[in-house]
>>> print(open('model.tsv').read())   # TSV, C-alpha atoms and all ligand atoms
chain	number	residue	atom	x	y	z
K	198	MET	CA	141.29	-28.09	19.93
K	199	LEU	CA	143.31	-30.98	21.39
K	200	ASP	CA	146.60	-29.22	20.61
K	201	LYS	CA	145.37	-26.10	22.37
K	202	LEU	CA	144.15	-28.16	25.32
K	203	LEU	CA	147.46	-29.98	25.71
K	204	PHE	CA	149.27	-26.65	25.53
K	205	LEU	CA	147.00	-25.08	28.15
K	206	ALA	CA	147.20	-28.10	30.44
K	207	GLN	CA	150.82	-27.31	31.36
K	208	LYS	CA	151.95	-25.53	34.52
K	209	PRO	CA	152.05	-21.81	33.63
K	210	ALA	CA	155.21	-19.73	33.88
K	211	LEU	CA	155.48	-17.59	37.00
K	212	TRP	CA	153.27	-14.46	36.64
K	213	GLN	CA	151.85	-15.54	33.27
K	214	ARG	CA	148.55	-13.75	32.66
K	215	SER	CA	145.47	-15.16	30.91
K	216	CYS	CA	143.56	-13.01	28.43
K	217	GLU	CA	139.99	-13.92	29.46
K	218	PRO	CA	138.04	-11.33	31.41
K	219	PHE	CA	137.12	-12.72	34.83
K	220	TRP	CA	135.52	-10.12	37.12
K	221	ASP	CA	133.80	-8.36	34.22
K	222	ASP	CA	132.64	-11.46	32.30
K	223	GLU	CA	128.89	-11.28	31.57
K	224	HIS	CA	128.16	-14.74	33.03
K	225	ILE	CA	130.82	-15.05	35.75
K	226	SER	CA	129.97	-11.63	37.20
K	227	LYS	CA	126.39	-12.86	37.83
K	228	GLY	CA	127.58	-15.65	40.14
K	229	MET	CA	130.13	-13.29	41.62
K	230	LEU	CA	127.48	-10.72	42.54
K	231	GLU	CA	125.41	-13.44	44.24
K	232	ALA	CA	128.52	-14.43	46.20
K	233	HIS	CA	129.23	-10.80	47.23
K	234	LEU	CA	125.66	-10.43	48.47
K	235	ASN	CA	125.53	-13.69	50.46
K	236	PRO	CA	125.83	-12.35	54.02
K	237	ASP	CA	127.21	-15.59	55.48
K	238	TRP	CA	129.83	-16.55	52.93
K	239	ASP	CA	133.52	-15.60	52.81
K	240	ALA	CA	133.75	-15.76	49.02
K	241	ALA	CA	133.77	-12.73	46.68
K	242	SER	CA	133.32	-10.54	49.78
K	243	ARG	CA	133.76	-11.47	53.39
K	244	ARG	CA	130.71	-12.34	55.48
K	245	HIS	CA	128.76	-9.21	56.28
K	246	SER	CA	129.27	-9.37	60.06
K	247	TYR	CA	133.03	-9.07	59.34
K	248	ILE	CA	132.39	-6.11	57.01
K	249	ASP	CA	130.39	-4.36	59.77
K	250	CYS	CA	133.27	-4.91	62.18
K	251	SER	CA	135.82	-3.78	59.59
K	252	VAL	CA	133.97	-0.57	58.71
K	253	LYS	CA	133.57	0.23	62.42
K	254	TRP	CA	137.34	-0.08	62.90
K	255	LEU	CA	138.18	1.80	59.68
K	256	ALA	CA	135.86	4.62	60.78
K	257	SER	CA	137.79	4.82	64.04
K	258	ILE	CA	141.07	5.52	62.17
K	259	ILE	CA	139.81	7.58	59.20
K	260	PRO	CA	138.92	11.10	60.38
K	261	GLU	CA	135.26	12.14	60.14
K	262	GLY	CA	134.19	13.70	56.84
K	263	SER	CA	137.28	12.37	54.98
K	264	LYS	CA	137.31	11.78	51.27
K	265	ILE	CA	137.70	7.99	50.81
K	266	LEU	CA	138.51	5.99	47.68
K	267	ASP	CA	137.68	2.26	47.90
K	268	LEU	CA	139.55	0.29	45.22
K	269	GLY	CA	137.87	-2.91	44.01
K	270	CYS	CA	134.70	-1.80	45.79
K	271	GLY	CA	132.59	-4.62	44.28
K	272	PRO	CA	128.85	-3.97	44.79
K	273	GLY	CA	129.60	-1.34	47.44
K	274	LEU	CA	129.39	-3.27	50.70
K	275	TYR	CA	132.07	-1.09	52.36
K	276	THR	CA	131.37	2.12	50.43
K	277	LYS	CA	127.65	2.14	51.29
K	278	ARG	CA	128.52	1.77	54.96
K	279	PHE	CA	131.11	4.59	54.65
K	280	SER	CA	128.69	6.94	52.91
K	281	ASP	CA	125.98	6.17	55.51
K	282	ALA	CA	128.59	7.16	58.14
K	283	GLY	CA	128.97	10.57	56.49
K	284	TYR	CA	132.20	10.15	54.50
K	285	ASP	CA	132.65	11.57	51.00
K	286	VAL	CA	133.08	8.27	49.15
K	287	THR	CA	134.24	7.10	45.74
K	288	GLY	CA	134.14	3.40	44.82
K	289	MET	CA	136.11	2.05	41.85
K	290	ASP	CA	135.74	-1.38	40.27
K	291	TYR	CA	135.99	-2.93	36.83
K	292	SER	CA	132.97	-5.22	37.15
K	293	ARG	CA	130.14	-3.44	35.27
K	294	ARG	CA	127.59	-5.55	37.12
K	295	SER	CA	128.95	-4.70	40.58
K	296	ILE	CA	129.19	-0.97	39.78
K	297	ALA	CA	125.60	-0.97	38.47
K	298	TYR	CA	124.41	-2.66	41.69
K	299	ALA	CA	126.39	-0.23	43.86
K	300	LYS	CA	124.98	2.83	42.05
K	301	GLU	CA	121.44	1.51	42.39
K	302	HIS	CA	121.77	0.88	46.13
K	303	ASP	CA	123.82	3.89	47.19
K	304	THR	CA	123.02	7.25	45.67
K	305	LYS	CA	125.35	9.17	48.02
K	306	ALA	CA	128.70	7.70	46.92
K	307	LYS	CA	130.28	8.17	43.50
K	308	TYR	CA	130.96	4.90	41.62
K	309	ILE	CA	133.43	4.57	38.78
K	310	TYR	CA	133.81	1.63	36.38
K	311	GLN	CA	137.59	1.61	35.89
K	312	ASN	CA	140.71	-0.53	36.17
K	313	TYR	CA	142.44	0.92	39.24
K	314	LEU	CA	145.83	0.28	37.62
K	315	GLU	CA	144.89	3.06	35.19
K	316	MET	CA	143.56	5.62	37.68
K	317	ASP	CA	145.04	9.08	37.57
K	318	TYR	CA	144.58	11.23	40.69
K	319	ALA	CA	146.88	13.72	42.41
K	320	GLU	CA	146.43	14.63	46.12
K	321	GLU	CA	142.71	13.92	45.97
K	322	PHE	CA	141.87	11.52	48.83
K	323	ASP	CA	142.35	11.43	52.62
K	324	ALA	CA	142.15	7.63	52.68
K	325	ILE	CA	142.34	4.80	50.17
K	326	THR	CA	141.21	1.26	50.99
K	327	LEU	CA	141.85	-2.03	49.16
K	328	ILE	CA	140.21	-4.73	51.23
K	329	TYR	CA	139.99	-8.52	51.05
K	330	CYS	CA	143.53	-9.27	49.97
K	331	ASP	CA	143.15	-7.98	46.40
K	332	TYR	CA	146.61	-6.36	46.47
K	333	ALA	CA	148.21	-9.80	46.44
K	334	ALA	CA	146.23	-10.95	43.40
K	335	LEU	CA	148.32	-8.51	41.35
K	336	ILE	CA	151.61	-9.48	39.71
K	337	PRO	CA	154.77	-7.62	40.89
K	338	ASP	CA	154.82	-4.89	38.19
K	339	GLU	CA	151.14	-4.17	38.80
K	340	ARG	CA	151.72	-3.88	42.55
K	341	LYS	CA	154.48	-1.32	41.93
K	342	THR	CA	152.23	0.65	39.56
K	343	LEU	CA	149.38	0.60	42.07
K	344	LEU	CA	151.52	1.68	45.05
K	345	SER	CA	152.87	4.65	43.03
K	346	LYS	CA	149.38	5.67	41.89
K	347	ILE	CA	147.98	5.38	45.42
K	348	HIS	CA	150.83	7.47	46.86
K	349	LEU	CA	150.17	10.14	44.24
K	350	ALA	CA	146.37	10.04	44.76
K	351	LEU	CA	146.61	10.61	48.53
K	352	LYS	CA	146.68	14.05	50.13
K	353	PRO	CA	149.68	14.67	52.44
K	354	ASN	CA	149.22	12.52	55.60
K	355	GLY	CA	146.56	10.47	53.77
K	356	LEU	CA	146.15	6.80	54.73
K	357	PHE	CA	146.34	3.67	52.58
K	358	ILE	CA	144.79	0.63	54.26
K	359	PHE	CA	144.98	-2.89	52.79
K	360	ASP	CA	145.17	-6.52	53.82
K	361	VAL	CA	146.93	-9.64	52.51
K	362	PHE	CA	147.07	-13.33	53.40
K	363	THR	CA	150.08	-14.51	55.41
K	364	GLU	CA	152.51	-17.32	54.59
K	365	LYS	CA	150.59	-19.51	57.03
K	366	THR	CA	147.86	-19.85	54.39
K	367	PHE	CA	150.05	-21.92	52.03
K	368	TYR	CA	152.07	-23.97	54.58
K	369	GLY	CA	152.27	-27.61	53.49
K	370	LYS	CA	150.17	-27.02	50.35
K	371	LYS	CA	151.16	-28.94	47.20
K	372	ASP	CA	150.35	-28.67	43.50
K	373	ARG	CA	147.12	-30.47	42.69
K	374	THR	CA	144.72	-30.98	39.81
K	375	SER	CA	141.05	-32.00	39.58
K	376	TRP	CA	138.22	-31.95	37.08
K	377	SER	CA	134.43	-31.67	37.17
K	378	TYR	CA	131.58	-31.76	34.66
K	379	HIS	CA	128.67	-29.28	34.84
K	380	GLU	CA	125.86	-30.64	32.70
K	381	ASN	CA	123.51	-27.70	33.34
K	382	GLY	CA	126.11	-24.94	33.36
K	383	GLY	CA	127.57	-23.46	36.50
K	384	PHE	CA	129.85	-20.73	37.82
K	385	TRP	CA	132.20	-20.58	34.79
K	386	SER	CA	129.68	-20.92	31.95
K	387	ASP	CA	125.93	-21.13	31.41
K	388	LYS	CA	126.51	-23.96	28.90
K	389	PRO	CA	127.35	-27.59	29.73
K	390	HIS	CA	131.08	-27.56	30.45
K	391	LEU	CA	134.03	-29.50	31.71
K	392	CYS	CA	136.34	-27.74	34.19
K	393	LEU	CA	139.97	-28.72	34.53
K	394	GLU	CA	141.28	-27.09	37.68
K	395	ALA	CA	144.79	-26.91	39.09
K	396	GLU	CA	146.62	-25.06	41.82
K	397	TYR	CA	150.37	-24.60	41.44
K	398	TYR	CA	152.82	-23.19	44.00
K	399	PHE	CA	155.97	-21.16	43.31
K	400	GLU	CA	158.78	-19.38	45.20
K	401	ASN	CA	158.87	-21.59	48.32
K	402	ASN	CA	155.08	-21.69	48.61
K	403	THR	CA	154.70	-17.90	48.74
K	404	VAL	CA	152.97	-17.62	45.37
K	405	LYS	CA	150.06	-19.67	44.07
K	406	VAL	CA	148.14	-19.70	40.81
K	407	ASP	CA	144.66	-21.15	40.47
K	408	LYS	CA	144.34	-22.31	36.91
K	409	THR	CA	140.97	-23.24	35.39
K	410	ILE	CA	140.37	-24.48	31.87
K	411	VAL	CA	136.70	-24.31	30.89
K	412	ILE	CA	135.74	-26.53	27.96
K	413	THR	CA	132.37	-26.11	26.25
K	414	GLU	CA	131.22	-27.68	22.98
K	415	ASN	CA	132.81	-24.96	20.86
K	416	ASP	CA	135.15	-23.12	23.15
K	417	LEU	CA	138.16	-23.45	25.42
K	418	ARG	CA	139.02	-20.78	27.97
K	419	GLU	CA	141.86	-20.45	30.45
K	420	TYR	CA	141.75	-18.44	33.68
K	421	LEU	CA	144.81	-17.79	35.85
K	422	ILE	CA	144.35	-16.20	39.27
K	423	TRP	CA	147.50	-15.37	41.22
K	424	ASP	CA	147.91	-14.93	44.95
K	425	THR	CA	151.01	-13.94	46.93
K	426	VAL	CA	151.32	-14.43	50.68
K	427	TYR	CA	153.47	-12.30	52.99
K	428	THR	CA	155.16	-12.04	56.34
K	429	LYS	CA	155.21	-8.66	58.09
K	430	GLN	CA	158.81	-8.22	56.91
K	431	THR	CA	158.29	-9.18	53.25
K	432	LEU	CA	155.33	-6.80	53.04
K	433	LEU	CA	157.20	-3.93	54.71
K	434	ASP	CA	160.19	-4.52	52.38
K	435	GLU	CA	157.89	-4.41	49.37
K	436	VAL	CA	156.24	-1.08	50.26
K	437	ALA	CA	159.46	0.56	51.54
K	438	PRO	CA	160.51	2.21	48.21
K	439	PHE	CA	157.22	4.09	47.77
K	440	GLY	CA	157.59	6.83	50.35
K	441	PHE	CA	154.95	5.79	52.91
K	442	GLN	CA	155.36	5.81	56.67
K	443	ILE	CA	154.11	2.82	58.66
K	444	HIS	CA	151.08	4.02	60.60
K	445	GLY	CA	149.98	0.65	61.96
K	446	ILE	CA	150.05	-3.10	61.45
K	447	TYR	CA	147.24	-5.45	62.48
K	448	ASP	CA	146.21	-9.10	62.23
K	449	ASP	CA	143.16	-8.29	60.11
K	450	ALA	CA	141.02	-5.55	58.60
K	451	CYS	CA	139.01	-5.33	61.85
K	452	GLY	CA	142.03	-3.86	63.65
K	453	SER	CA	142.92	-6.90	65.80
K	454	PRO	CA	146.36	-6.28	67.38
K	455	PHE	CA	149.26	-7.77	65.40
K	456	THR	CA	150.40	-11.18	66.67
K	457	GLY	CA	151.98	-12.62	63.52
K	458	ALA	CA	149.93	-15.79	64.05
K	459	ALA	CA	146.87	-14.88	61.96
K	460	ASP	CA	146.22	-15.90	58.38
K	461	THR	CA	145.87	-12.25	57.33
K	462	LEU	CA	147.85	-9.06	57.89
K	463	CYS	CA	146.50	-5.52	57.53
K	464	LEU	CA	148.80	-2.58	56.92
K	465	VAL	CA	147.97	1.09	57.45
K	466	LEU	CA	150.40	3.35	55.58
K	467	ARG	CA	150.61	7.13	55.82
K	468	LYS	CA	151.77	9.36	53.01
K	469	GLY	CA	154.75	11.22	54.44
Y	501	LIG	C1	137.59	-10.14	46.08
Y	501	LIG	S1	136.56	-8.86	45.44
Y	501	LIG	C2	136.48	-7.79	46.85
Y	501	LIG	C3	135.42	-6.73	46.75
Y	501	LIG	C4	135.33	-5.78	47.94
Y	501	LIG	N1	136.61	-5.16	48.25
Y	501	LIG	C5	134.78	-6.51	49.13
Y	501	LIG	O1	135.59	-6.99	49.95
Y	501	LIG	O2	133.56	-6.62	49.23
Y	501	LIG	C6	137.68	-8.01	44.33
Y	501	LIG	C7	137.03	-6.87	43.58
Y	501	LIG	O3	138.07	-6.13	42.94
Y	501	LIG	C8	137.69	-5.84	41.60
Y	501	LIG	N2	138.94	-5.70	40.84
Y	501	LIG	C9	139.91	-6.63	40.68
Y	501	LIG	N3	140.93	-6.10	39.98
Y	501	LIG	C10	140.59	-4.82	39.69
Y	501	LIG	C11	141.23	-3.76	38.96
Y	501	LIG	N4	142.43	-3.93	38.40
Y	501	LIG	N5	140.58	-2.57	38.86
Y	501	LIG	C12	139.35	-2.39	39.42
Y	501	LIG	N6	138.71	-3.35	40.12
Y	501	LIG	C13	139.31	-4.55	40.24
Y	501	LIG	C14	136.81	-7.00	41.18
Y	501	LIG	O4	135.94	-6.65	40.13
Y	501	LIG	C15	136.08	-7.31	42.49
Y	501	LIG	O5	134.88	-6.59	42.60
>>> encode(input="model.tsv", output="structure tokens")
Amino acid sequence: MLDKLLFLAQKPALWQRSCEPFWDDEHISKGMLEAHLNPDWDAASRRHSYIDCSVKWLASIIPEGSKILDLGCGPGLYTKRFSDAGYDVTGMDYSRRSIAYAKEHDTKAKYIYQNYLEMDYAEEFDAITLIYCDYAALIPDERKTLLSKIHLALKPNGLFIFDVFTEKTFYGKKDRTSWSYHENGGFWSDKPHLCLEAEYYFENNTVKVDKTIVITENDLREYLIWDTVYTKQTLLDEVAPFGFQIHGIYDDACGSPFTGAADTLCLVLRKG
């Protein structure tokens, strides 16, 4: 166990993936669902007043009656609002717990338990959304796969709307480590556990990984969660090869005009 721990305690290589399920873990997904449903907390989902504002703006740019696919829909906070507004909605997520909650609370939308990197649609949707900066949690090859699949899944002139954090978010941040003991269990495990946590920065502070090692009496698990931050130009350069036209660029997913000073950036792309 000590050998494994010493091996895991090192800074990971850029874009290294861990094997443990995170969003779909039986225990972690319980705490995650609670976080999604907390109306005042920007955690798994944004606070619900923001979601109301976001859906209002999205509804102003997505034509009435459109067929919408929401990727990483979680428990359906956006999709339920879209289906109540009369859209034909599909939500996709690979947390079983979130999809079960969404189905139970919204009988109008269709909910699919699936990894969106493996979706397979052709000219099916008028609009695809990926909200709360999930795009940037993917590693570069996954982002390319997803952009190609989204382009294929959209009808001609269809919209892809997504947000990311900007470089401002990581300015001045440095690698750091910490640990904590959870005698009665906690977010990562229902058993007593020790958490070794680290954040490491790469590529001139434009890429971060949050690394957590969870140690219980009989087990050792490693979680790596990546995040990439963008400027308007780095994001436009990244999407350029995929055949979209730029339909709009905003400071956030509520449609605030672009200033370049915000800590998020929201891009609306149109399939040409
Ligand atoms: C930060 S949460 C945001 C949820 C939702 N968009 C919201 O803002 O309320 C990310 C969601 O994406 C889902 N997710 C992450 N990677 C995914 C993938 N490859 N395929 C499907 N769902 C994924 C997670 O299960 C989680 O529900």
>>> atom_distance(input="model.tsv", atom1="atom CA of K:Ala333", atom2="atom CA of K:Arg244")
19.9 Å
>>> atom_distance(input="model.tsv", atom1="atom C9 of ligand LIG 501 (chain Y)", atom2="atom CA of K:Glu261")
27.4 Å
>>> closest_atom_pairs(input="model.tsv", of="chain K", to="ligand LIG 501 (chain Y)", cutoff="7 Å", atoms="only C-alpha atoms and all ligand atoms", output="Markdown table")
| residue | atom | partner | partner_atom | distance |
| --- | --- | --- | --- | --- |
| K:Trp220 | CA | Y:LIG501 | O4 | 4.6 |
| K:Asp221 | CA | Y:LIG501 | O4 | 6.5 |
| K:His233 | CA | Y:LIG501 | O2 | 6.3 |
| K:Ala241 | CA | Y:LIG501 | C1 | 4.7 |
| K:Ser242 | CA | Y:LIG501 | O2 | 4.0 |
| K:Arg243 | CA | Y:LIG501 | O1 | 5.9 |
| K:Leu268 | CA | Y:LIG501 | N6 | 6.3 |
| K:Gly269 | CA | Y:LIG501 | O3 | 3.4 |
| K:Cys270 | CA | Y:LIG501 | C4 | 4.6 |
| K:Gly271 | CA | Y:LIG501 | O5 | 3.5 |
| K:Pro272 | CA | Y:LIG501 | O5 | 6.9 |
| K:Gly273 | CA | Y:LIG501 | O2 | 6.8 |
| K:Leu274 | CA | Y:LIG501 | O2 | 5.5 |
| K:Tyr275 | CA | Y:LIG501 | O2 | 6.5 |
| K:Met289 | CA | Y:LIG501 | C12 | 6.0 |
| K:Asp290 | CA | Y:LIG501 | N6 | 3.6 |
| K:Tyr291 | CA | Y:LIG501 | C12 | 4.3 |
| K:Ser292 | CA | Y:LIG501 | O4 | 4.4 |
| K:Ser295 | CA | Y:LIG501 | O5 | 6.5 |
| K:Gln311 | CA | Y:LIG501 | C12 | 5.6 |
| K:Asn312 | CA | Y:LIG501 | N5 | 3.4 |
| K:Tyr313 | CA | Y:LIG501 | N5 | 4.0 |
| K:Leu314 | CA | Y:LIG501 | N4 | 5.5 |
| K:Leu327 | CA | Y:LIG501 | N1 | 6.2 |
| K:Ile328 | CA | Y:LIG501 | N1 | 4.7 |
| K:Tyr329 | CA | Y:LIG501 | O1 | 4.8 |
| K:Asp331 | CA | Y:LIG501 | C6 | 5.8 |
>>> atom_distance(input="model.tsv", atom1="atom CA of K:Val436", atom2="atom CA of K:Ala350")
15.9 Å
>>> closest_residue(input="model.tsv", among="K:Lys208, K:Lys201, K:Arg214, K:Lys307", to="K:Leu266", atoms="only C-alpha atoms")
K:Lys307
>>> residues_around(input="model.tsv", residues="K:Tyr308", least_positions_apart="4", cutoff="7 Å", atoms="all atoms listed in the file", output="mmCIF file with C-alpha atoms, in the coordinates of the input")
data_model
loop_
_atom_site.group_PDB
_atom_site.id
_atom_site.type_symbol
_atom_site.label_atom_id
_atom_site.label_comp_id
_atom_site.auth_asym_id
_atom_site.auth_seq_id
_atom_site.Cartn_x
_atom_site.Cartn_y
_atom_site.Cartn_z
ATOM 1 C CA THR K 287 134.240 7.100 45.740
ATOM 2 C CA GLY K 288 134.140 3.400 44.820
ATOM 3 C CA MET K 289 136.110 2.050 41.850
ATOM 4 C CA ILE K 296 129.190 -0.970 39.780
ATOM 5 C CA LYS K 300 124.980 2.830 42.050
#
>>> closest_residue(input="model.tsv", among="K:Ala324, K:Tyr368, K:Ser263, K:Tyr420", to="K:Ala395", atoms="all atoms listed in the file")
K:Tyr420
>>> closest_residue(input="model.tsv", among="K:Asp407, K:Asp360, K:Phe384, K:Arg418", to="K:Ile446", atoms="only C-alpha atoms")
K:Asp360
>>> residues_around(input="model.tsv", residues="K:Tyr247", least_positions_apart="6", cutoff="10 Å", atoms="all atoms listed in the file", output="number ranges by chain")
K: 236-237, 239, 253, 450-451
>>> closest_atom_pairs(input="model.tsv", of="stretch 201-292 of chain K", to="stretch 410-416 of chain K", cutoff="9 Å", atoms="only C-alpha atoms", output="CSV")
residue,atom,partner,partner_atom,distance
K:Leu202,CA,K:Ile410,CA,8.4
K:Leu205,CA,K:Ile410,CA,7.6
K:Ala206,CA,K:Ile410,CA,7.9
>>> closest_residue(input="model.tsv", among="K:Asn401, K:Gln430, K:Thr425, K:Asn381", to="K:Tyr332", atoms="all atoms listed in the file")
K:Thr425
>>> closest_residue(input="model.tsv", among="K:Ile225, K:Val404, K:Ile358, K:Cys250", to="K:Ile265", atoms="only C-alpha atoms")
K:Ile358
>>> axis_aligned_box(input="model.tsv", around="stretch 279-291 of chain K", padding_each_side="6 Å", output="JSON")
{"center_x": 131.0, "center_y": 4.3, "center_z": 47.5, "size_x": 22.1, "size_y": 26.5, "size_z": 33.3}
>>> residues_around(input="model.tsv", residues="K:Ser345", least_positions_apart="5", cutoff="12 Å", atoms="all atoms listed in the file", output="list in words")
Tyr313, Leu314, Glu315, Met316, Asp317, Tyr318, Ala319, Asp338, Glu339, Arg340, Ala350, Leu351, Phe357, Val436, Ala437, Pro438, Phe439, Gly440, Phe441 and Lys468 of chain K
>>> closest_residue(input="model.tsv", among="K:Ile443, K:Ile325, K:Cys392, K:Leu255", to="K:His348", atoms="only C-alpha atoms")
K:Ile325
